[in-house]
Every structure is written in C-alpha cells, then in structure tokens.
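Peer 1: The following file, entry_14.cif, comprises mmCIF, N, CA and C atoms and all ligand atoms:
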```
data_work
loop_
_atom_site.group_PDB
_atom_site.id
_atom_site.type_symbol
_atom_site.label_atom_id
_atom_site.label_comp_id
_atom_site.auth_asym_id
_atom_site.auth_seq_id
_atom_site.Cartn_x
_atom_site.Cartn_y
_atom_site.Cartn_z
ATOM 1 N N MET A 18 9.192 5.044 -12.642
ATOM 2 C CA MET A 18 9.631 5.323 -11.274
ATOM 3 C C MET A 18 10.326 4.102 -10.668
ATOM 4 N N ASP A 19 11.054 4.328 -9.617
ATOM 5 C CA ASP A 19 11.806 3.240 -9.003
ATOM 6 C C ASP A 19 11.144 2.779 -7.705
ATOM 7 N N CYS A 20 11.322 1.488 -7.433
ATOM 8 C CA CYS A 20 10.893 0.986 -6.130
ATOM 9 C C CYS A 20 11.725 1.692 -5.052
ATOM 10 N N PRO A 21 11.075 2.320 -4.076
ATOM 11 C CA PRO A 21 11.816 3.065 -3.050
ATOM 12 C C PRO A 21 12.596 2.153 -2.103
ATOM 13 N N PHE A 22 12.333 0.872 -2.143
ATOM 14 C CA PHE A 22 12.997 -0.053 -1.223
ATOM 15 C C PHE A 22 14.202 -0.740 -1.859
ATOM 16 N N CYS A 23 14.102 -1.085 -3.155
ATOM 17 C CA CYS A 23 15.205 -1.831 -3.761
ATOM 18 C C CYS A 23 15.655 -1.247 -5.098
ATOM 19 N N GLY A 24 14.971 -0.180 -5.583
ATOM 20 C CA GLY A 24 15.427 0.480 -6.802
ATOM 21 C C GLY A 24 14.952 -0.145 -8.098
ATOM 22 N N THR A 25 14.179 -1.204 -8.016
ATOM 23 C CA THR A 25 13.629 -1.799 -9.229
ATOM 24 C C THR A 25 12.778 -0.782 -9.966
ATOM 25 N N GLU A 26 12.965 -0.699 -11.283
ATOM 26 C CA GLU A 26 12.219 0.261 -12.064
ATOM 27 C C GLU A 26 10.887 -0.338 -12.496
ATOM 28 N N ALA A 27 9.836 0.418 -12.376
ATOM 29 C CA ALA A 27 8.515 -0.083 -12.731
ATOM 30 C C ALA A 27 7.555 1.058 -12.946
ATOM 31 N N THR A 28 6.506 0.788 -13.693
ATOM 32 C CA THR A 28 5.417 1.755 -13.776
ATOM 33 C C THR A 28 4.695 1.729 -12.432
ATOM 34 N N PRO A 29 3.929 2.772 -12.129
ATOM 35 C CA PRO A 29 3.209 2.761 -10.853
ATOM 36 C C PRO A 29 2.385 1.498 -10.662
ATOM 37 N N ARG A 30 1.741 1.059 -11.746
ATOM 38 C CA ARG A 30 0.913 -0.132 -11.637
ATOM 39 C C ARG A 30 1.750 -1.371 -11.334
ATOM 40 N N ALA A 31 2.856 -1.513 -12.035
ATOM 41 C CA ALA A 31 3.734 -2.662 -11.813
ATOM 42 C C ALA A 31 4.390 -2.567 -10.444
ATOM 43 N N LEU A 32 4.662 -1.345 -10.032
ATOM 44 C CA LEU A 32 5.292 -1.152 -8.730
ATOM 45 C C LEU A 32 4.387 -1.650 -7.616
ATOM 46 N N HIS A 33 3.092 -1.424 -7.790
ATOM 47 C CA HIS A 33 2.131 -1.874 -6.779
ATOM 48 C C HIS A 33 2.218 -3.394 -6.598
ATOM 49 N N SER A 34 2.235 -4.131 -7.714
ATOM 50 C CA SER A 34 2.352 -5.590 -7.635
ATOM 51 C C SER A 34 3.693 -5.997 -7.048
ATOM 52 N N HIS A 35 4.732 -5.268 -7.436
ATOM 53 C CA HIS A 35 6.077 -5.557 -6.957
ATOM 54 C C HIS A 35 6.142 -5.402 -5.439
ATOM 55 N N LEU A 36 5.588 -4.314 -4.931
ATOM 56 C CA LEU A 36 5.607 -4.067 -3.487
ATOM 57 C C LEU A 36 4.895 -5.184 -2.740
ATOM 58 N N GLU A 37 3.752 -5.569 -3.279
ATOM 59 C CA GLU A 37 2.963 -6.597 -2.608
ATOM 60 C C GLU A 37 3.701 -7.937 -2.623
ATOM 61 N N ALA A 38 4.406 -8.208 -3.732
ATOM 62 C CA ALA A 38 5.082 -9.490 -3.882
ATOM 63 C C ALA A 38 6.405 -9.546 -3.112
ATOM 64 N N VAL A 39 7.148 -8.432 -3.120
ATOM 65 C CA VAL A 39 8.518 -8.458 -2.618
ATOM 66 C C VAL A 39 8.664 -7.786 -1.257
ATOM 67 N N HIS A 40 7.834 -6.791 -0.989
ATOM 68 C CA HIS A 40 7.995 -6.019 0.252
ATOM 69 C C HIS A 40 6.718 -5.999 1.098
ATOM 70 N N PRO A 41 6.076 -7.136 1.254
ATOM 71 C CA PRO A 41 4.784 -7.124 1.967
ATOM 72 C C PRO A 41 4.904 -6.598 3.399
ATOM 73 N N GLU A 42 6.105 -6.743 3.986
ATOM 74 C CA GLU A 42 6.276 -6.328 5.379
ATOM 75 C C GLU A 42 6.256 -4.807 5.546
ATOM 76 N N GLN A 43 6.251 -4.086 4.434
ATOM 77 C CA GLN A 43 6.282 -2.617 4.530
ATOM 78 C C GLN A 43 4.933 -2.027 4.917
ATOM 79 N N VAL A 44 3.895 -2.823 4.837
ATOM 80 C CA VAL A 44 2.611 -2.381 5.384
ATOM 81 C C VAL A 44 2.403 -3.126 6.698
ATOM 82 N N LEU A 45 2.368 -2.371 7.762
ATOM 83 C CA LEU A 45 2.175 -2.966 9.070
ATOM 84 C C LEU A 45 0.698 -2.957 9.418
ATOM 85 N N VAL A 46 0.198 -4.075 9.848
ATOM 86 C CA VAL A 46 -1.176 -4.138 10.332
ATOM 87 C C VAL A 46 -1.092 -4.345 11.830
ATOM 88 N N ALA A 47 -1.708 -3.450 12.586
ATOM 89 C CA ALA A 47 -1.569 -3.504 14.029
ATOM 90 C C ALA A 47 -2.866 -3.143 14.705
ATOM 91 N N GLU A 48 -3.038 -3.637 15.908
ATOM 92 C CA GLU A 48 -4.184 -3.250 16.700
ATOM 93 C C GLU A 48 -3.817 -2.023 17.512
ATOM 94 N N SER A 49 -4.729 -1.059 17.527
ATOM 95 C CA SER A 49 -4.516 0.123 18.347
ATOM 96 C C SER A 49 -5.745 0.300 19.215
ATOM 97 N N ALA A 50 -5.717 1.348 20.054
ATOM 98 C CA ALA A 50 -6.858 1.614 20.928
ATOM 99 C C ALA A 50 -8.125 1.836 20.112
ATOM 100 N N ARG A 51 -7.975 2.335 18.887
ATOM 101 C CA ARG A 51 -9.126 2.646 18.042
ATOM 102 C C ARG A 51 -9.588 1.440 17.243
ATOM 103 N N GLY A 52 -8.848 0.358 17.350
ATOM 104 C CA GLY A 52 -9.176 -0.802 16.529
ATOM 105 C C GLY A 52 -7.994 -1.119 15.638
ATOM 106 N N LEU A 53 -8.308 -1.787 14.533
ATOM 107 C CA LEU A 53 -7.242 -2.226 13.648
ATOM 108 C C LEU A 53 -6.784 -1.079 12.753
ATOM 109 N N VAL A 54 -5.481 -0.937 12.605
ATOM 110 C CA VAL A 54 -4.959 0.085 11.697
ATOM 111 C C VAL A 54 -3.879 -0.543 10.834
ATOM 112 N N TYR A 55 -3.674 0.044 9.669
ATOM 113 C CA TYR A 55 -2.490 -0.330 8.894
ATOM 114 C C TYR A 55 -1.627 0.907 8.750
ATOM 115 N N LYS A 56 -0.333 0.677 8.689
ATOM 116 C CA LYS A 56 0.611 1.784 8.641
ATOM 117 C C LYS A 56 1.595 1.572 7.506
ATOM 118 N N VAL A 57 1.840 2.650 6.778
ATOM 119 C CA VAL A 57 2.840 2.638 5.711
ATOM 120 C C VAL A 57 3.748 3.831 5.949
ATOM 121 N N THR A 58 5.036 3.621 5.828
ATOM 122 C CA THR A 58 5.969 4.734 5.948
ATOM 123 C C THR A 58 6.708 4.901 4.638
ATOM 124 N N CYS A 59 6.720 6.115 4.111
ATOM 125 C CA CYS A 59 7.458 6.383 2.889
ATOM 126 C C CYS A 59 8.947 6.367 3.210
ATOM 127 N N PRO A 60 9.721 5.495 2.527
ATOM 128 C CA PRO A 60 11.147 5.386 2.817
ATOM 129 C C PRO A 60 11.936 6.592 2.300
ATOM 130 N N LEU A 61 11.332 7.377 1.443
ATOM 131 C CA LEU A 61 12.037 8.505 0.844
ATOM 132 C C LEU A 61 11.951 9.762 1.699
ATOM 133 N N CYS A 62 10.824 10.009 2.322
ATOM 134 C CA CYS A 62 10.661 11.231 3.096
ATOM 135 C C CYS A 62 10.191 10.962 4.515
ATOM 136 N N GLY A 63 9.927 9.692 4.829
ATOM 137 C CA GLY A 63 9.547 9.354 6.196
ATOM 138 C C GLY A 63 8.104 9.661 6.546
ATOM 139 N N ALA A 64 7.309 10.051 5.560
ATOM 140 C CA ALA A 64 5.909 10.363 5.833
ATOM 141 C C ALA A 64 5.163 9.104 6.279
ATOM 142 N N HIS A 65 4.423 9.241 7.355
ATOM 143 C CA HIS A 65 3.643 8.109 7.859
ATOM 144 C C HIS A 65 2.224 8.191 7.344
ATOM 145 N N HIS A 66 1.719 7.073 6.924
ATOM 146 C CA HIS A 66 0.309 6.990 6.587
ATOM 147 C C HIS A 66 -0.282 5.929 7.474
ATOM 148 N N GLU A 67 -1.264 6.333 8.246
ATOM 149 C CA GLU A 67 -1.920 5.369 9.110
ATOM 150 C C GLU A 67 -3.411 5.486 8.890
ATOM 151 N N GLN A 68 -4.047 4.360 8.725
ATOM 152 C CA GLN A 68 -5.462 4.380 8.379
ATOM 153 C C GLN A 68 -6.160 3.279 9.150
ATOM 154 N N GLN A 69 -7.275 3.639 9.722
ATOM 155 C CA GLN A 69 -8.036 2.638 10.440
ATOM 156 C C GLN A 69 -8.736 1.715 9.452
ATOM 157 N N VAL A 70 -8.727 0.430 9.764
ATOM 158 C CA VAL A 70 -9.482 -0.529 8.959
ATOM 159 C C VAL A 70 -10.930 -0.415 9.408
ATOM 160 N N LYS A 71 -11.798 -0.118 8.459
ATOM 161 C CA LYS A 71 -13.152 0.307 8.793
ATOM 162 C C LYS A 71 -14.105 -0.826 9.164
ATOM 163 N N GLY A 72 -15.046 -0.464 10.012
ATOM 164 C CA GLY A 72 -16.223 -1.280 10.287
ATOM 165 C C GLY A 72 -15.932 -2.667 10.814
ATOM 166 N N ARG A 73 -16.715 -3.619 10.356
ATOM 167 C CA ARG A 73 -16.557 -4.995 10.825
ATOM 168 C C ARG A 73 -15.205 -5.569 10.438
ATOM 169 N N ALA A 74 -14.557 -4.887 9.494
ATOM 170 C CA ALA A 74 -13.248 -5.354 9.054
ATOM 171 C C ALA A 74 -12.212 -5.206 10.157
ATOM 172 N N GLY A 75 -12.514 -4.345 11.142
ATOM 173 C CA GLY A 75 -11.504 -4.009 12.135
ATOM 174 C C GLY A 75 -11.331 -4.994 13.266
ATOM 175 N N THR A 76 -11.240 -6.250 12.967
ATOM 176 C CA THR A 76 -10.975 -7.233 14.009
ATOM 177 C C THR A 76 -9.704 -8.004 13.661
ATOM 178 N N ALA A 77 -9.090 -8.541 14.683
ATOM 179 C CA ALA A 77 -7.837 -9.257 14.459
ATOM 180 C C ALA A 77 -8.041 -10.461 13.536
ATOM 181 N N ALA A 78 -9.171 -11.136 13.701
ATOM 182 C CA ALA A 78 -9.445 -12.308 12.861
ATOM 183 C C ALA A 78 -9.537 -11.898 11.401
ATOM 184 N N PHE A 79 -10.231 -10.787 11.166
ATOM 185 C CA PHE A 79 -10.345 -10.277 9.803
ATOM 186 C C PHE A 79 -8.977 -9.931 9.247
ATOM 187 N N ALA A 80 -8.158 -9.324 10.085
ATOM 188 C CA ALA A 80 -6.834 -8.902 9.635
ATOM 189 C C ALA A 80 -6.014 -10.095 9.174
ATOM 190 N N LEU A 81 -6.089 -11.181 9.934
ATOM 191 C CA LEU A 81 -5.340 -12.377 9.555
ATOM 192 C C LEU A 81 -5.846 -12.924 8.232
ATOM 193 N N GLU A 82 -7.151 -12.954 8.101
ATOM 194 C CA GLU A 82 -7.764 -13.536 6.930
ATOM 195 C C GLU A 82 -7.545 -12.673 5.686
ATOM 196 N N HIS A 83 -7.521 -11.374 5.902
ATOM 197 C CA HIS A 83 -7.482 -10.454 4.771
ATOM 198 C C HIS A 83 -6.226 -9.591 4.761
ATOM 199 N N ALA A 84 -5.169 -10.124 5.337
ATOM 200 C CA ALA A 84 -3.924 -9.357 5.416
ATOM 201 C C ALA A 84 -3.489 -8.874 4.039
ATOM 202 N N ARG A 85 -3.666 -9.712 3.053
ATOM 203 C CA ARG A 85 -3.236 -9.348 1.701
ATOM 204 C C ARG A 85 -4.035 -8.148 1.174
ATOM 205 N N GLU A 86 -5.351 -8.195 1.315
ATOM 206 C CA GLU A 86 -6.192 -7.087 0.856
ATOM 207 C C GLU A 86 -5.825 -5.790 1.575
ATOM 208 N N ILE A 87 -5.587 -5.919 2.873
ATOM 209 C CA ILE A 87 -5.229 -4.729 3.651
ATOM 210 C C ILE A 87 -3.909 -4.163 3.149
ATOM 211 N N ARG A 88 -2.959 -5.043 2.855
ATOM 212 C CA ARG A 88 -1.670 -4.577 2.333
ATOM 213 C C ARG A 88 -1.839 -3.896 0.978
ATOM 214 N N LEU A 89 -2.705 -4.475 0.135
ATOM 215 C CA LEU A 89 -2.915 -3.872 -1.183
ATOM 216 C C LEU A 89 -3.421 -2.443 -1.048
ATOM 217 N N VAL A 90 -4.323 -2.232 -0.102
ATOM 218 C CA VAL A 90 -4.846 -0.881 0.120
ATOM 219 C C VAL A 90 -3.732 0.023 0.632
ATOM 220 N N GLY A 91 -2.912 -0.517 1.522
ATOM 221 C CA GLY A 91 -1.797 0.260 2.051
ATOM 222 C C GLY A 91 -0.810 0.637 0.959
ATOM 223 N N PHE A 92 -0.534 -0.306 0.057
ATOM 224 C CA PHE A 92 0.413 -0.018 -1.029
ATOM 225 C C PHE A 92 -0.186 0.947 -2.039
ATOM 226 N N ASP A 93 -1.509 0.889 -2.216
ATOM 227 C CA ASP A 93 -2.190 1.878 -3.041
ATOM 228 C C ASP A 93 -1.851 3.271 -2.547
ATOM 229 N N MET A 94 -1.952 3.413 -1.242
ATOM 230 C CA MET A 94 -1.690 4.694 -0.608
ATOM 231 C C MET A 94 -0.240 5.115 -0.820
ATOM 232 N N LEU A 95 0.674 4.159 -0.659
ATOM 233 C CA LEU A 95 2.092 4.471 -0.814
ATOM 234 C C LEU A 95 2.417 4.839 -2.260
ATOM 235 N N VAL A 96 1.895 4.065 -3.211
ATOM 236 C CA VAL A 96 2.180 4.354 -4.620
ATOM 237 C C VAL A 96 1.611 5.722 -4.996
ATOM 238 N N ASN A 97 0.396 6.019 -4.534
ATOM 239 C CA ASN A 97 -0.178 7.341 -4.804
ATOM 240 C C ASN A 97 0.706 8.444 -4.238
ATOM 241 N N HIS A 98 1.214 8.214 -3.042
ATOM 242 C CA HIS A 98 2.108 9.185 -2.416
ATOM 243 C C HIS A 98 3.390 9.334 -3.229
ATOM 244 N N LEU A 99 3.966 8.219 -3.653
ATOM 245 C CA LEU A 99 5.210 8.266 -4.428
ATOM 246 C C LEU A 99 5.003 9.016 -5.732
ATOM 247 N N VAL A 100 3.873 8.755 -6.391
ATOM 248 C CA VAL A 100 3.578 9.437 -7.651
ATOM 249 C C VAL A 100 3.389 10.929 -7.402
ATOM 250 N N ALA A 101 2.649 11.255 -6.356
ATOM 251 C CA ALA A 101 2.322 12.654 -6.096
ATOM 252 C C ALA A 101 3.523 13.442 -5.582
ATOM 253 N N GLU A 102 4.332 12.822 -4.748
ATOM 254 C CA GLU A 102 5.384 13.561 -4.050
ATOM 255 C C GLU A 102 6.787 13.335 -4.612
ATOM 256 N N HIS A 103 7.010 12.189 -5.238
ATOM 257 C CA HIS A 103 8.386 11.843 -5.586
ATOM 258 C C HIS A 103 8.592 11.510 -7.049
ATOM 259 N N ALA A 104 7.594 11.704 -7.893
ATOM 260 C CA ALA A 104 7.738 11.346 -9.299
ATOM 261 C C ALA A 104 7.586 12.554 -10.192
ATOM 262 N N ALA A 105 7.903 13.724 -9.680
ATOM 263 C CA ALA A 105 7.762 14.951 -10.464
ATOM 264 C C ALA A 105 8.540 14.835 -11.761
ATOM 265 N N GLY A 106 7.912 15.181 -12.861
ATOM 266 C CA GLY A 106 8.598 15.166 -14.145
ATOM 267 C C GLY A 106 8.510 13.838 -14.852
ATOM 268 N N GLU A 107 8.182 12.774 -14.137
ATOM 269 C CA GLU A 107 8.060 11.478 -14.787
ATOM 270 C C GLU A 107 6.661 11.312 -15.350
ATOM 271 N N SER A 108 6.557 10.460 -16.335
ATOM 272 C CA SER A 108 5.243 10.204 -16.918
ATOM 273 C C SER A 108 4.324 9.585 -15.881
ATOM 274 N N THR A 109 3.129 10.106 -15.803
ATOM 275 C CA THR A 109 2.149 9.532 -14.882
ATOM 276 C C THR A 109 1.002 8.913 -15.661
ATOM 277 N N ALA A 110 1.298 8.551 -16.930
ATOM 278 C CA ALA A 110 0.246 8.021 -17.792
ATOM 279 C C ALA A 110 -0.309 6.711 -17.266
ATOM 280 N N ASP A 111 0.470 6.023 -16.489
ATOM 281 C CA ASP A 111 0.049 4.699 -16.026
ATOM 282 C C ASP A 111 -0.560 4.743 -14.627
ATOM 283 N N THR A 112 -0.966 5.919 -14.191
ATOM 284 C CA THR A 112 -1.584 6.000 -12.866
ATOM 285 C C THR A 112 -3.037 5.589 -12.945
ATOM 286 N N GLY A 113 -3.724 5.814 -11.881
ATOM 287 C CA GLY A 113 -5.100 5.342 -11.798
ATOM 288 C C GLY A 113 -5.128 4.240 -10.778
ATOM 289 N N PRO A 114 -6.304 3.730 -10.495
ATOM 290 C CA PRO A 114 -6.380 2.682 -9.471
ATOM 291 C C PRO A 114 -5.480 1.517 -9.839
ATOM 292 N N ALA A 115 -4.539 1.191 -8.975
ATOM 293 C CA ALA A 115 -3.599 0.121 -9.282
ATOM 294 C C ALA A 115 -4.302 -1.231 -9.287
ATOM 295 N N VAL A 116 -5.301 -1.365 -8.462
ATOM 296 C CA VAL A 116 -6.015 -2.625 -8.374
ATOM 297 C C VAL A 116 -7.505 -2.373 -8.596
ATOM 298 N N PRO A 117 -7.969 -2.583 -9.808
ATOM 299 C CA PRO A 117 -9.395 -2.374 -10.052
ATOM 300 C C PRO A 117 -10.232 -3.261 -9.135
ATOM 301 N N GLU A 118 -11.312 -2.698 -8.631
ATOM 302 C CA GLU A 118 -12.165 -3.413 -7.677
ATOM 303 C C GLU A 118 -12.570 -4.797 -8.198
ATOM 304 N N GLU A 119 -12.986 -4.815 -9.472
ATOM 305 C CA GLU A 119 -13.560 -6.048 -9.996
ATOM 306 C C GLU A 119 -12.527 -7.177 -10.148
ATOM 307 N N GLU A 120 -11.256 -6.826 -9.964
ATOM 308 C CA GLU A 120 -10.208 -7.829 -10.162
ATOM 309 C C GLU A 120 -10.060 -8.744 -8.955
ATOM 310 N N ARG A 121 -10.514 -8.287 -7.814
ATOM 311 C CA ARG A 121 -10.358 -9.074 -6.587
ATOM 312 C C ARG A 121 -11.574 -9.913 -6.307
HETATM 313 ZN ZN ZN A 201 11.416 -3.345 -4.476
HETATM 314 ZN ZN ZN A 202 7.481 10.403 0.613
#
```
Would you kindly transcribe this structure into structure tokens?
Peer 2:
Amino acid sequence: MDCPFCGTEATPRALHSHLEAVHPEQVLVAESARGLVYKVTCPLCGAHHEQQVKGRAGTAAFALEHAREIRLVGFDMLVNHLVAEHAAGESTADTGPAVPEEER
C-alpha cells in the first residue's frame, strides 16, 4: 500500500513507522471539553477519527510527555482504516498490531 500523504510504498507495518517518522503532525493532540483527545483524518476519504485519551493519561502534561505514544496509537487507527477501507485487493498478510505492546 502507499503512504496516503506522500505516496511512499510500504507494507502496513512499515507504513506505521513511516507515518510516525515523517508525518507526525497528522495526528493532532488537543484538549477538548471532555479532556484530551487525539484526532486523525484520512486524507483519502476525509473520515475523522477522534478518540479520547483515557483516564489519568488525559492531562496536558501527559500529552506533552507521551506525545509520541499517543501518535503511535493514532497512526494505528489510521493504518487499520487504510487497510480496511482503501487497500481492497492488496495483500494484507502483513497486518496485525503494528506496534507490539512489549516493544515499547
Ligand atoms: Zn509519507
Ligand atoms: Zn479513508
């Protein structure tokens, strides 16, 4: 599959790392009335994904400290969406959790 932002070709797993390395700004972390949320927008279909950062994690200080982790979760969501919605017919053999828990 291709990176939806720059067209780089990658497996879903590699795409996840690519997004985090090259397009970190595509996951927005923002404070809302409900607390901290992260937002991802699919550049191909405009679908918005917004998810509240749960529990004690939902503070601005946490967001600053863990911005990278939050982005990784956001990109997980985007890659899953891209595979599910925009990769029809392509091999999905390399799917699965892009970032195994024990790796972090
Ligand atoms: Zn890219
Ligand atoms: Zn989409």
Peer 1: Please find the residues contacting ligand ZN 201 (chain A) at a distance of at most 6 Å between atoms, with all atoms listed in the file counted, and report them as a count of residues only.
Peer 2: 8
Peer 1: Residues within 9 Å of Arg88 (chain A), please, as a ChimeraX atom specification. Count only C-alpha atoms; anything in the same chain fewer than 2 positions from it doesn't count.
Peer 2: /A:37,41-46,55,83-86,90-93
Peer 1: Quick one: distance from atom C of Glu102 (chain A) to CA of Val54 (chain A) in Å, one decimal?
Peer 2: 24.1 Å
Peer 1: May I ask you to write as a ChimeraX atom specification all residues lying at most 8 Å from ligand ZN 202 (chain A), with only N, CA and C atoms and all ligand atoms counted?
Peer 2: /A:58-65,98-99,101-103
Peer 1: What's the separation between atom N of Gly52 (chain A) and atom N of Val39 (chain A), in Å to one decimal place?
Peer 2: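 Going from atom N of Gly52 (chain A) over to atom N of Val39 (chain A), I get 27.4 Å.
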Peer 1: Would you compute the box with edges along x, y and z of the file around region 83-90 of chain A, including every atom the file lists for it and 5 Å extra on each side, and give its centre and edge lengths in Å to one decimal, as AutoDock Vina command-line options?
Peer 2:
```
--center_x -4.6 --center_y -5.7 --center_z 2.4 --size_x 15.9 --size_y 21.4 --size_z 17.1
```
Peer 1: Using Å and a single decimal, report how far CA of Leu95 (chain A) sits from CA of Pro29 (chain A).
Peer 2: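 Interatomic distance, CA of Pro29 (chain A) to CA of Leu95 (chain A): 10.2 Å.
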Peer 1: Once the PyMOL selection byres (((chain A and resi 51) around 8) and not hetatm) has been applied to the shown file, what residues remain in the selection, as a list in words?
Peer 2: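 When the PyMOL selection byres (((chain A and resi 51) around 8) and not hetatm) is applied to the shown file, the picked residues are Glu48, Ser49, Ala50, Gly52, Leu53, Val54, Gln69, Val70 and Gly75 of chain A.
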Peer 1: Please return, as number ranges by chain, all residues of region 24-115 of chain A that DSSP assigns to alpha helix (DSSP H) on the basis of the backbone.
Peer 2: A: 29-39, 77-82, 84-103
Peer 1: Could you write out the selected residues, including N, CA and C atoms, as a CSV table (one decimal), in the frame of the given file?
Peer 2:
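part-v3.csv, written as the output of this step:
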```
chain,number,residue,atom,x,y,z
A,29,PRO,N,3.9,2.8,-12.1
A,29,PRO,CA,3.2,2.8,-10.9
A,29,PRO,C,2.4,1.5,-10.7
A,30,ARG,N,1.7,1.1,-11.7
A,30,ARG,CA,0.9,-0.1,-11.6
A,30,ARG,C,1.8,-1.4,-11.3
A,31,ALA,N,2.9,-1.5,-12.0
A,31,ALA,CA,3.7,-2.7,-11.8
A,31,ALA,C,4.4,-2.6,-10.4
A,32,LEU,N,4.7,-1.3,-10.0
A,32,LEU,CA,5.3,-1.2,-8.7
A,32,LEU,C,4.4,-1.6,-7.6
A,33,HIS,N,3.1,-1.4,-7.8
A,33,HIS,CA,2.1,-1.9,-6.8
A,33,HIS,C,2.2,-3.4,-6.6
A,34,SER,N,2.2,-4.1,-7.7
A,34,SER,CA,2.4,-5.6,-7.6
A,34,SER,C,3.7,-6.0,-7.0
A,35,HIS,N,4.7,-5.3,-7.4
A,35,HIS,CA,6.1,-5.6,-7.0
A,35,HIS,C,6.1,-5.4,-5.4
A,36,LEU,N,5.6,-4.3,-4.9
A,36,LEU,CA,5.6,-4.1,-3.5
A,36,LEU,C,4.9,-5.2,-2.7
A,37,GLU,N,3.8,-5.6,-3.3
A,37,GLU,CA,3.0,-6.6,-2.6
A,37,GLU,C,3.7,-7.9,-2.6
A,38,ALA,N,4.4,-8.2,-3.7
A,38,ALA,CA,5.1,-9.5,-3.9
A,38,ALA,C,6.4,-9.5,-3.1
A,39,VAL,N,7.1,-8.4,-3.1
A,39,VAL,CA,8.5,-8.5,-2.6
A,39,VAL,C,8.7,-7.8,-1.3
A,77,ALA,N,-9.1,-8.5,14.7
A,77,ALA,CA,-7.8,-9.3,14.5
A,77,ALA,C,-8.0,-10.5,13.5
A,78,ALA,N,-9.2,-11.1,13.7
A,78,ALA,CA,-9.4,-12.3,12.9
A,78,ALA,C,-9.5,-11.9,11.4
A,79,PHE,N,-10.2,-10.8,11.2
A,79,PHE,CA,-10.3,-10.3,9.8
A,79,PHE,C,-9.0,-9.9,9.2
A,80,ALA,N,-8.2,-9.3,10.1
A,80,ALA,CA,-6.8,-8.9,9.6
A,80,ALA,C,-6.0,-10.1,9.2
A,81,LEU,N,-6.1,-11.2,9.9
A,81,LEU,CA,-5.3,-12.4,9.6
A,81,LEU,C,-5.8,-12.9,8.2
A,82,GLU,N,-7.2,-13.0,8.1
A,82,GLU,CA,-7.8,-13.5,6.9
A,82,GLU,C,-7.5,-12.7,5.7
A,84,ALA,N,-5.2,-10.1,5.3
A,84,ALA,CA,-3.9,-9.4,5.4
A,84,ALA,C,-3.5,-8.9,4.0
A,85,ARG,N,-3.7,-9.7,3.1
A,85,ARG,CA,-3.2,-9.3,1.7
A,85,ARG,C,-4.0,-8.1,1.2
A,86,GLU,N,-5.4,-8.2,1.3
A,86,GLU,CA,-6.2,-7.1,0.9
A,86,GLU,C,-5.8,-5.8,1.6
A,87,ILE,N,-5.6,-5.9,2.9
A,87,ILE,CA,-5.2,-4.7,3.7
A,87,ILE,C,-3.9,-4.2,3.1
A,88,ARG,N,-3.0,-5.0,2.9
A,88,ARG,CA,-1.7,-4.6,2.3
A,88,ARG,C,-1.8,-3.9,1.0
A,89,LEU,N,-2.7,-4.5,0.1
A,89,LEU,CA,-2.9,-3.9,-1.2
A,89,LEU,C,-3.4,-2.4,-1.0
A,90,VAL,N,-4.3,-2.2,-0.1
A,90,VAL,CA,-4.8,-0.9,0.1
A,90,VAL,C,-3.7,0.0,0.6
A,91,GLY,N,-2.9,-0.5,1.5
A,91,GLY,CA,-1.8,0.3,2.1
A,91,GLY,C,-0.8,0.6,1.0
A,92,PHE,N,-0.5,-0.3,0.1
A,92,PHE,CA,0.4,0.0,-1.0
A,92,PHE,C,-0.2,0.9,-2.0
A,93,ASP,N,-1.5,0.9,-2.2
A,93,ASP,CA,-2.2,1.9,-3.0
A,93,ASP,C,-1.9,3.3,-2.5
A,94,MET,N,-2.0,3.4,-1.2
A,94,MET,CA,-1.7,4.7,-0.6
A,94,MET,C,-0.2,5.1,-0.8
A,95,LEU,N,0.7,4.2,-0.7
A,95,LEU,CA,2.1,4.5,-0.8
A,95,LEU,C,2.4,4.8,-2.3
A,96,VAL,N,1.9,4.1,-3.2
A,96,VAL,CA,2.2,4.4,-4.6
A,96,VAL,C,1.6,5.7,-5.0
A,97,ASN,N,0.4,6.0,-4.5
A,97,ASN,CA,-0.2,7.3,-4.8
A,97,ASN,C,0.7,8.4,-4.2
A,98,HIS,N,1.2,8.2,-3.0
A,98,HIS,CA,2.1,9.2,-2.4
A,98,HIS,C,3.4,9.3,-3.2
A,99,LEU,N,4.0,8.2,-3.7
A,99,LEU,CA,5.2,8.3,-4.4
A,99,LEU,C,5.0,9.0,-5.7
A,100,VAL,N,3.9,8.8,-6.4
A,100,VAL,CA,3.6,9.4,-7.7
A,100,VAL,C,3.4,10.9,-7.4
A,101,ALA,N,2.6,11.3,-6.4
A,101,ALA,CA,2.3,12.7,-6.1
A,101,ALA,C,3.5,13.4,-5.6
A,102,GLU,N,4.3,12.8,-4.7
A,102,GLU,CA,5.4,13.6,-4.0
A,102,GLU,C,6.8,13.3,-4.6
A,103,HIS,N,7.0,12.2,-5.2
A,103,HIS,CA,8.4,11.8,-5.6
A,103,HIS,C,8.6,11.5,-7.0
```
Peer 1: For region 54-59 of chain A, supply N, CA, C and O atoms and report the output as a PDB file, in the coordinates of the input.
Peer 2:
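Once everything was written out, this is out_18.pdb:
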```
ATOM      1  N   VAL A  54      -5.481  -0.937  12.605  1.00  0.00           N
ATOM      2  CA  VAL A  54      -4.959   0.085  11.697  1.00  0.00           C
ATOM      3  C   VAL A  54      -3.879  -0.543  10.834  1.00  0.00           C
ATOM      4  O   VAL A  54      -3.279  -1.551  11.203  1.00  0.00           O
ATOM      5  N   TYR A  55      -3.674   0.044   9.669  1.00  0.00           N
ATOM      6  CA  TYR A  55      -2.490  -0.330   8.894  1.00  0.00           C
ATOM      7  C   TYR A  55      -1.627   0.907   8.750  1.00  0.00           C
ATOM      8  O   TYR A  55      -2.111   2.031   8.732  1.00  0.00           O
ATOM      9  N   LYS A  56      -0.333   0.677   8.689  1.00  0.00           N
ATOM     10  CA  LYS A  56       0.611   1.784   8.641  1.00  0.00           C
ATOM     11  C   LYS A  56       1.595   1.572   7.506  1.00  0.00           C
ATOM     12  O   LYS A  56       2.098   0.474   7.303  1.00  0.00           O
ATOM     13  N   VAL A  57       1.840   2.650   6.778  1.00  0.00           N
ATOM     14  CA  VAL A  57       2.840   2.638   5.711  1.00  0.00           C
ATOM     15  C   VAL A  57       3.748   3.831   5.949  1.00  0.00           C
ATOM     16  O   VAL A  57       3.280   4.921   6.263  1.00  0.00           O
ATOM     17  N   THR A  58       5.036   3.621   5.828  1.00  0.00           N
ATOM     18  CA  THR A  58       5.969   4.734   5.948  1.00  0.00           C
ATOM     19  C   THR A  58       6.708   4.901   4.638  1.00  0.00           C
ATOM     20  O   THR A  58       7.254   3.941   4.096  1.00  0.00           O
ATOM     21  N   CYS A  59       6.720   6.115   4.111  1.00  0.00           N
ATOM     22  CA  CYS A  59       7.458   6.383   2.889  1.00  0.00           C
ATOM     23  C   CYS A  59       8.947   6.367   3.210  1.00  0.00           C
ATOM     24  O   CYS A  59       9.409   7.114   4.065  1.00  0.00           O
TER      25      CYS A  59
END
```
